[in-house]
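K.L.:
So I've got this file, work31.txt, and it contains compact mmCIF, C-alpha atoms:
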# COMPACT_ATOMS: atom_id res chain seq x y z
CA MET M 17 125.22 7.84 131.18
CA VAL M 18 126.25 4.74 129.22
CA PRO M 19 129.95 4.42 128.32
CA ILE M 20 130.68 4.52 124.60
CA SER M 21 133.82 3.13 123.04
CA ILE M 22 136.40 5.51 121.65
CA SER M 23 137.54 2.73 119.33
CA ASP M 24 135.99 1.63 116.06
CA LYS M 25 136.84 -2.05 116.53
CA TRP M 26 136.52 -4.75 119.16
CA MET M 27 138.73 -4.23 122.20
CA PRO M 28 139.49 -6.96 124.75
CA PRO M 29 138.07 -6.62 128.27
CA PRO M 30 140.25 -5.99 131.34
CA THR M 31 142.07 -8.94 132.90
CA GLY M 32 139.66 -11.24 134.71
CA TRP M 33 136.63 -10.12 132.70
CA ILE M 34 134.71 -11.78 129.87
CA LYS M 35 133.11 -9.75 127.13
CA CYS M 36 130.10 -10.93 125.15
CA ASN M 37 129.26 -9.07 121.99
CA THR M 38 125.64 -9.69 121.06
CA TYR M 39 123.59 -9.07 117.97
CA GLY M 40 119.98 -9.70 117.02
CA ASP M 41 118.43 -9.25 113.59
CA TYR M 42 114.82 -9.48 112.47
CA ASP M 43 113.13 -9.04 109.09
CA ASP M 44 109.68 -7.41 109.44
CA ILE M 45 108.44 -8.84 106.14
CA SER M 46 109.57 -12.48 106.30
CA GLY M 47 109.80 -12.84 110.08
CA ASN M 48 113.24 -14.42 109.64
CA ASN M 49 115.56 -13.71 112.53
CA GLY M 50 118.95 -14.50 113.91
CA ALA M 51 120.71 -13.79 117.16
CA SER M 52 124.29 -14.35 118.17
CA PHE M 53 126.94 -13.75 120.73
CA VAL M 54 130.71 -13.99 120.75
CA MET M 55 132.48 -14.47 124.08
CA GLY M 56 136.04 -13.20 124.43
CA ASP M 57 138.61 -12.59 127.14
CA PHE M 58 141.47 -10.20 127.92
CA THR M 59 143.89 -12.18 125.72
CA ASN M 60 141.96 -11.06 122.63
CA THR M 61 140.77 -14.63 122.16
CA ALA M 62 137.18 -15.51 121.30
CA SER M 63 136.38 -18.55 123.43
CA PHE M 64 132.80 -19.28 122.41
CA ARG M 65 130.40 -18.34 119.61
CA ALA M 66 126.73 -18.99 119.11
CA SER M 67 124.16 -18.27 116.45
CA ILE M 68 120.56 -18.88 117.39
CA VAL M 69 117.13 -18.67 115.77
CA PHE M 70 114.19 -17.86 118.05
CA GLN M 71 110.49 -17.21 117.65
CA VAL M 72 110.59 -13.41 117.90
CA GLU M 73 108.52 -10.55 116.53
CA SER M 74 110.90 -7.56 116.57
CA PRO M 75 114.58 -6.58 116.30
CA GLU M 76 114.53 -5.60 120.00
CA GLU M 77 113.23 -9.03 120.97
CA ALA M 78 115.94 -10.72 118.84
CA GLU M 79 118.65 -8.64 120.55
CA ALA M 80 117.19 -9.30 124.01
CA ARG M 81 117.23 -13.03 123.24
CA ALA M 82 120.90 -12.79 122.21
CA ILE M 83 121.73 -11.08 125.53
CA TRP M 84 119.63 -13.65 127.41
CA GLU M 85 121.43 -16.55 125.72
CA ALA M 86 124.89 -15.05 126.38
CA LEU M 87 124.09 -14.49 130.06
CA GLN M 88 122.91 -18.09 130.43
CA LYS M 89 126.16 -19.41 128.95
CA VAL M 90 128.34 -17.22 131.18
CA VAL M 91 126.37 -18.22 134.31
CA GLU M 92 126.73 -21.87 133.25
CA LYS M 93 130.50 -21.38 133.00
CA LYS M 94 130.49 -19.88 136.54
CA LEU M 95 132.32 -16.73 135.44
CA THR M 96 132.11 -13.68 137.70
CA HIS M 97 132.86 -10.50 135.73
CA LEU M 98 130.97 -9.83 132.50
CA ILE M 99 130.63 -7.05 129.96
CA ILE M 100 127.72 -7.32 127.52
CA GLU M 101 128.25 -5.16 124.43
CA SER M 102 125.41 -4.45 122.04
CA ASP M 103 124.46 -1.88 119.43
CA ALA M 104 120.84 -1.92 120.69
CA GLN M 105 121.15 1.33 122.60
CA SER M 106 117.61 1.38 124.01
CA LEU M 107 118.08 -2.07 125.59
CA ILE M 108 121.53 -1.20 126.91
CA ASN M 109 120.16 2.02 128.45
CA GLN M 110 117.35 0.08 130.15
CA PHE M 111 119.55 -2.72 131.48
CA SER M 112 122.30 -0.30 132.61
CA ALA M 113 119.67 1.59 134.62
CA SER M 114 118.30 -1.72 135.99
CA VAL M 115 115.01 -1.25 134.16
CA PHE M 116 113.84 -4.71 133.17
CA ASP M 117 110.21 -4.06 132.24
CA GLY M 118 109.39 -5.35 128.80
CA ASN M 119 106.17 -5.68 126.87
CA SER M 120 104.06 -8.83 126.88
CA ARG M 121 106.56 -10.59 124.56
CA THR M 122 109.76 -9.49 126.29
CA ASN M 123 108.86 -9.20 129.98
CA ALA M 124 109.92 -12.77 130.87
CA ILE M 125 113.16 -12.39 128.89
CA PHE M 126 113.92 -9.08 130.65
CA LYS M 127 113.24 -10.63 134.08
CA ASP M 128 115.57 -13.53 133.24
CA ILE M 129 118.25 -11.04 132.15
CA GLN M 130 117.83 -9.26 135.47
CA PHE M 131 118.10 -12.56 137.36
CA PHE M 132 121.14 -13.81 135.42
CA SER M 133 122.95 -10.47 135.66
CA SER M 134 122.50 -10.50 139.46
CA LYS M 135 124.54 -13.73 139.62
CA PHE M 136 127.80 -11.93 138.75
CA VAL M 137 130.20 -10.04 140.98
CA ALA M 138 130.01 -7.38 138.24
CA CYS M 139 127.93 -7.21 135.07
CA LEU M 140 128.09 -4.19 132.75
CA PHE M 141 125.81 -3.46 129.81
CA ILE M 142 127.63 -1.24 127.32
CA PHE M 143 126.52 0.27 124.04
CA GLN M 144 128.99 -0.25 121.22
CA PRO M 145 128.50 0.76 117.60
CA HIS M 146 127.99 -1.91 114.98
CA THR M 147 131.65 -1.74 113.92
CA CYS M 148 132.68 -3.23 117.28
CA ASN M 149 130.33 -6.18 116.85
CA PHE M 150 131.20 -7.38 113.37
CA VAL M 151 131.64 -11.12 114.03
CA ALA M 152 128.45 -11.26 116.13
CA HIS M 153 126.66 -9.40 113.33
CA GLU M 154 127.86 -11.89 110.69
CA LEU M 155 126.81 -14.87 112.84
CA ALA M 156 123.32 -13.43 113.36
CA LEU M 157 122.88 -12.74 109.64
CA TRP M 158 124.02 -16.28 108.87
CA ALA M 159 121.47 -17.69 111.35
CA LYS M 160 118.74 -15.46 109.90
CA THR M 161 119.48 -16.66 106.36
CA ASN M 162 120.16 -20.34 107.06
CA ASN M 163 117.92 -20.94 110.12
CA PRO M 164 120.29 -23.12 112.16
CA THR M 165 121.30 -22.82 115.77
CA MET M 166 125.01 -23.36 116.29
CA TYR M 167 127.24 -23.35 119.38
CA ARG M 168 130.97 -23.43 118.67
CA TYR M 169 134.27 -23.12 120.50
CA VAL M 170 136.08 -23.03 117.15
CA PRO M 171 134.71 -20.70 114.48
CA PRO M 172 133.30 -22.20 111.29
CA ILE M 173 135.66 -21.91 108.30
CA TRP M 174 133.46 -19.34 106.51
CA LEU M 175 133.74 -17.01 109.54
CA MET M 176 137.56 -17.06 109.73
CA PRO M 177 138.14 -14.01 107.47
CA PHE M 178 136.00 -11.92 109.86
CA VAL M 179 137.50 -13.22 113.11
CA ASP M 180 141.05 -11.87 112.91
CA GLY M 181 141.20 -9.24 115.66
CA ASP M 182 137.43 -8.64 115.76
CA HIS M 183 134.89 -10.33 118.01
Can you dump the structure from the file as structure tokens?
P.N.:
Amino acid sequence: MVPISISDKWMPPPTGWIKCNTYGDYDDISGNNGASFVMGDFTNTASFRASIVFQVESPEEAEARAIWEALQKVVEKKLTHLIIESDAQSLINQFSASVFDGNSRTNAIFKDIQFFSSKFVACLFIFQPHTCNFVAHELALWAKTNNPTMYRYVPPIWLMPFVDGDH
């Protein structure tokens, strides 16, 4: 069973943990996509944000790429306790059960996610409804519309109204 939040907004992780909220979006007609993650800590502070555009062919692949990118960044930072939150319940169910078998497009991504997640003392994959991922959602939509990749420690000005208390 996958834990589900009893809150309707972003909640900080326990002390010593990092939480990455991820979001991937894909338009079936245009092929436009955007993925993002927002990294936050127990102080309710978002410490890193990214919006990324990939070559993907489905919403699931966009979300998997967002998780993949977040895991890479956290491994790079040598952090040890991670919570990945996503509204892609099927992916979260698979990764929580240590099932990392994707299709021909996602298999390598899933294997990388398995490898990266094994580098932590603890790594949890948790389903959270869209309302708990609002900033990540906005970043992914921005990437999908504007097609840039952006890595930021400080949020862009246009994102500030969404950031207050929500990651």
K.L.:
Counting all atoms listed in the file, what is within 10 Å of Thr161 (chain M), bar same-chain residues fewer than 2 positions away, as a VMD selection string?
P.N.:
chain M and resid 48 to 50 69 155 to 159 163 to 164
K.L.:
Restricting the calculation to only C-alpha atoms: of M:Leu175, M:Met27, M:Leu107, M:Met166, which residue gets closest to Trp84 (chain M)?
P.N.:
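So, comparing all the options, the nearest one is M:Leu107.
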K.L.:
Taking all atoms listed in the file into account, which of M:Phe132, M:His153, M:Gly118, M:Pro28 comes nearest Gly40 (chain M)?
P.N.:
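Residue with the minimum atom-to-atom distance to Gly40 (chain M): M:His153.
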K.L.:
Within 12 Å of Val170 (chain M), counting all atoms listed in the file, which residues show up once you throw out same-chain ones fewer than 2 positions away? Write them as a PyMOL selection string, please.
P.N.:
chain M and resi 54-55+61-66+166-168+172-176+179
K.L.:
Output the selection as a short mmCIF file (atom, residue, chain, number, x, y, z; two decimals), in the coordinates of the input - C-alpha atoms for each residue.
P.N.:
data_model
loop_
_atom_site.label_atom_id
_atom_site.label_comp_id
_atom_site.auth_asym_id
_atom_site.auth_seq_id
_atom_site.Cartn_x
_atom_site.Cartn_y
_atom_site.Cartn_z
CA VAL M 54 130.71 -13.99 120.75
CA MET M 55 132.48 -14.47 124.08
CA THR M 61 140.77 -14.63 122.16
CA ALA M 62 137.18 -15.51 121.30
CA SER M 63 136.38 -18.55 123.43
CA PHE M 64 132.80 -19.28 122.41
CA ARG M 65 130.40 -18.34 119.61
CA ALA M 66 126.73 -18.99 119.11
CA MET M 166 125.01 -23.36 116.29
CA TYR M 167 127.24 -23.35 119.38
CA ARG M 168 130.97 -23.43 118.67
CA PRO M 172 133.30 -22.20 111.29
CA ILE M 173 135.66 -21.91 108.30
CA TRP M 174 133.46 -19.34 106.51
CA LEU M 175 133.74 -17.01 109.54
CA MET M 176 137.56 -17.06 109.73
CA VAL M 179 137.50 -13.22 113.11
#
K.L.:
For Ala152 (chain M), find every residue with an atom within 8 Å (counting all atoms listed in the file), except residues of its own chain fewer than 5 positions away, and show them as a CSV table (one decimal) with C-alpha atoms, keeping the file's coordinate frame.
P.N.:
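That gives us selection_31.csv:
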chain,number,residue,atom,x,y,z
M,37,ASN,CA,129.3,-9.1,122.0
M,38,THR,CA,125.6,-9.7,121.1
M,39,TYR,CA,123.6,-9.1,118.0
M,52,SER,CA,124.3,-14.4,118.2
M,53,PHE,CA,126.9,-13.8,120.7
M,54,VAL,CA,130.7,-14.0,120.8
M,183,HIS,CA,134.9,-10.3,118.0
K.L.:
For a quick check of understanding, using only C-alpha atoms, which of M:Phe143, M:Gln71, M:Ala80, M:Ile45 has the smallest distance to Asp117 (chain M)?
P.N.:
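For Asp117 (chain M), the nearest of the candidates is M:Ala80.
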K.L.:
What is the CA of Asp43 (chain M)-CA of Ile99 (chain M) distance in Å, reported with one decimal?
P.N.:
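Here the two named atoms are 27.3 Å from each other.
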K.L.:
Separation of CA of Ser106 (chain M) and CA of Cys148 (chain M), in Å?
P.N.:
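Spanning CA of Ser106 (chain M) to CA of Cys148 (chain M) is a straight-line distance of 17.1 Å.
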K.L.:
Go ahead and compute the interatomic distance for CA of Lys35 (chain M) and CA of Gly47 (chain M), in Å to one decimal.
P.N.:
29.0 Å
K.L.:
So, counting all atoms listed in the file, which residue among M:Ser102, M:Phe58, M:Glu73, M:Ala82 is closest to His146 (chain M)?
P.N.:
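Closest candidate: M:Ser102.
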K.L.:
Could you check which of M:Leu98, M:Ile68, M:Asp44, M:Ala78 is closest to Pro30 (chain M), using only C-alpha atoms?
P.N.:
M:Leu98
K.L.:
Considering all atoms listed in the file, can you say which of M:Asn123, M:Asn149, M:Ser114, M:Ser74 comes closest to Gly56 (chain M)?
P.N.:
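Checking each candidate against Gly56 (chain M), we get M:Asn149 as the closest.
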K.L.:
May I have the centre and edge lengths, in Å to one decimal, of an axis-aligned box around the listed atoms of region 33-50 of chain M with 4 Å added to every side, as JSON?
P.N.:
{"center_x": 122.5, "center_y": -11.0, "center_z": 119.4, "size_x": 36.2, "size_y": 15.1, "size_z": 34.6}
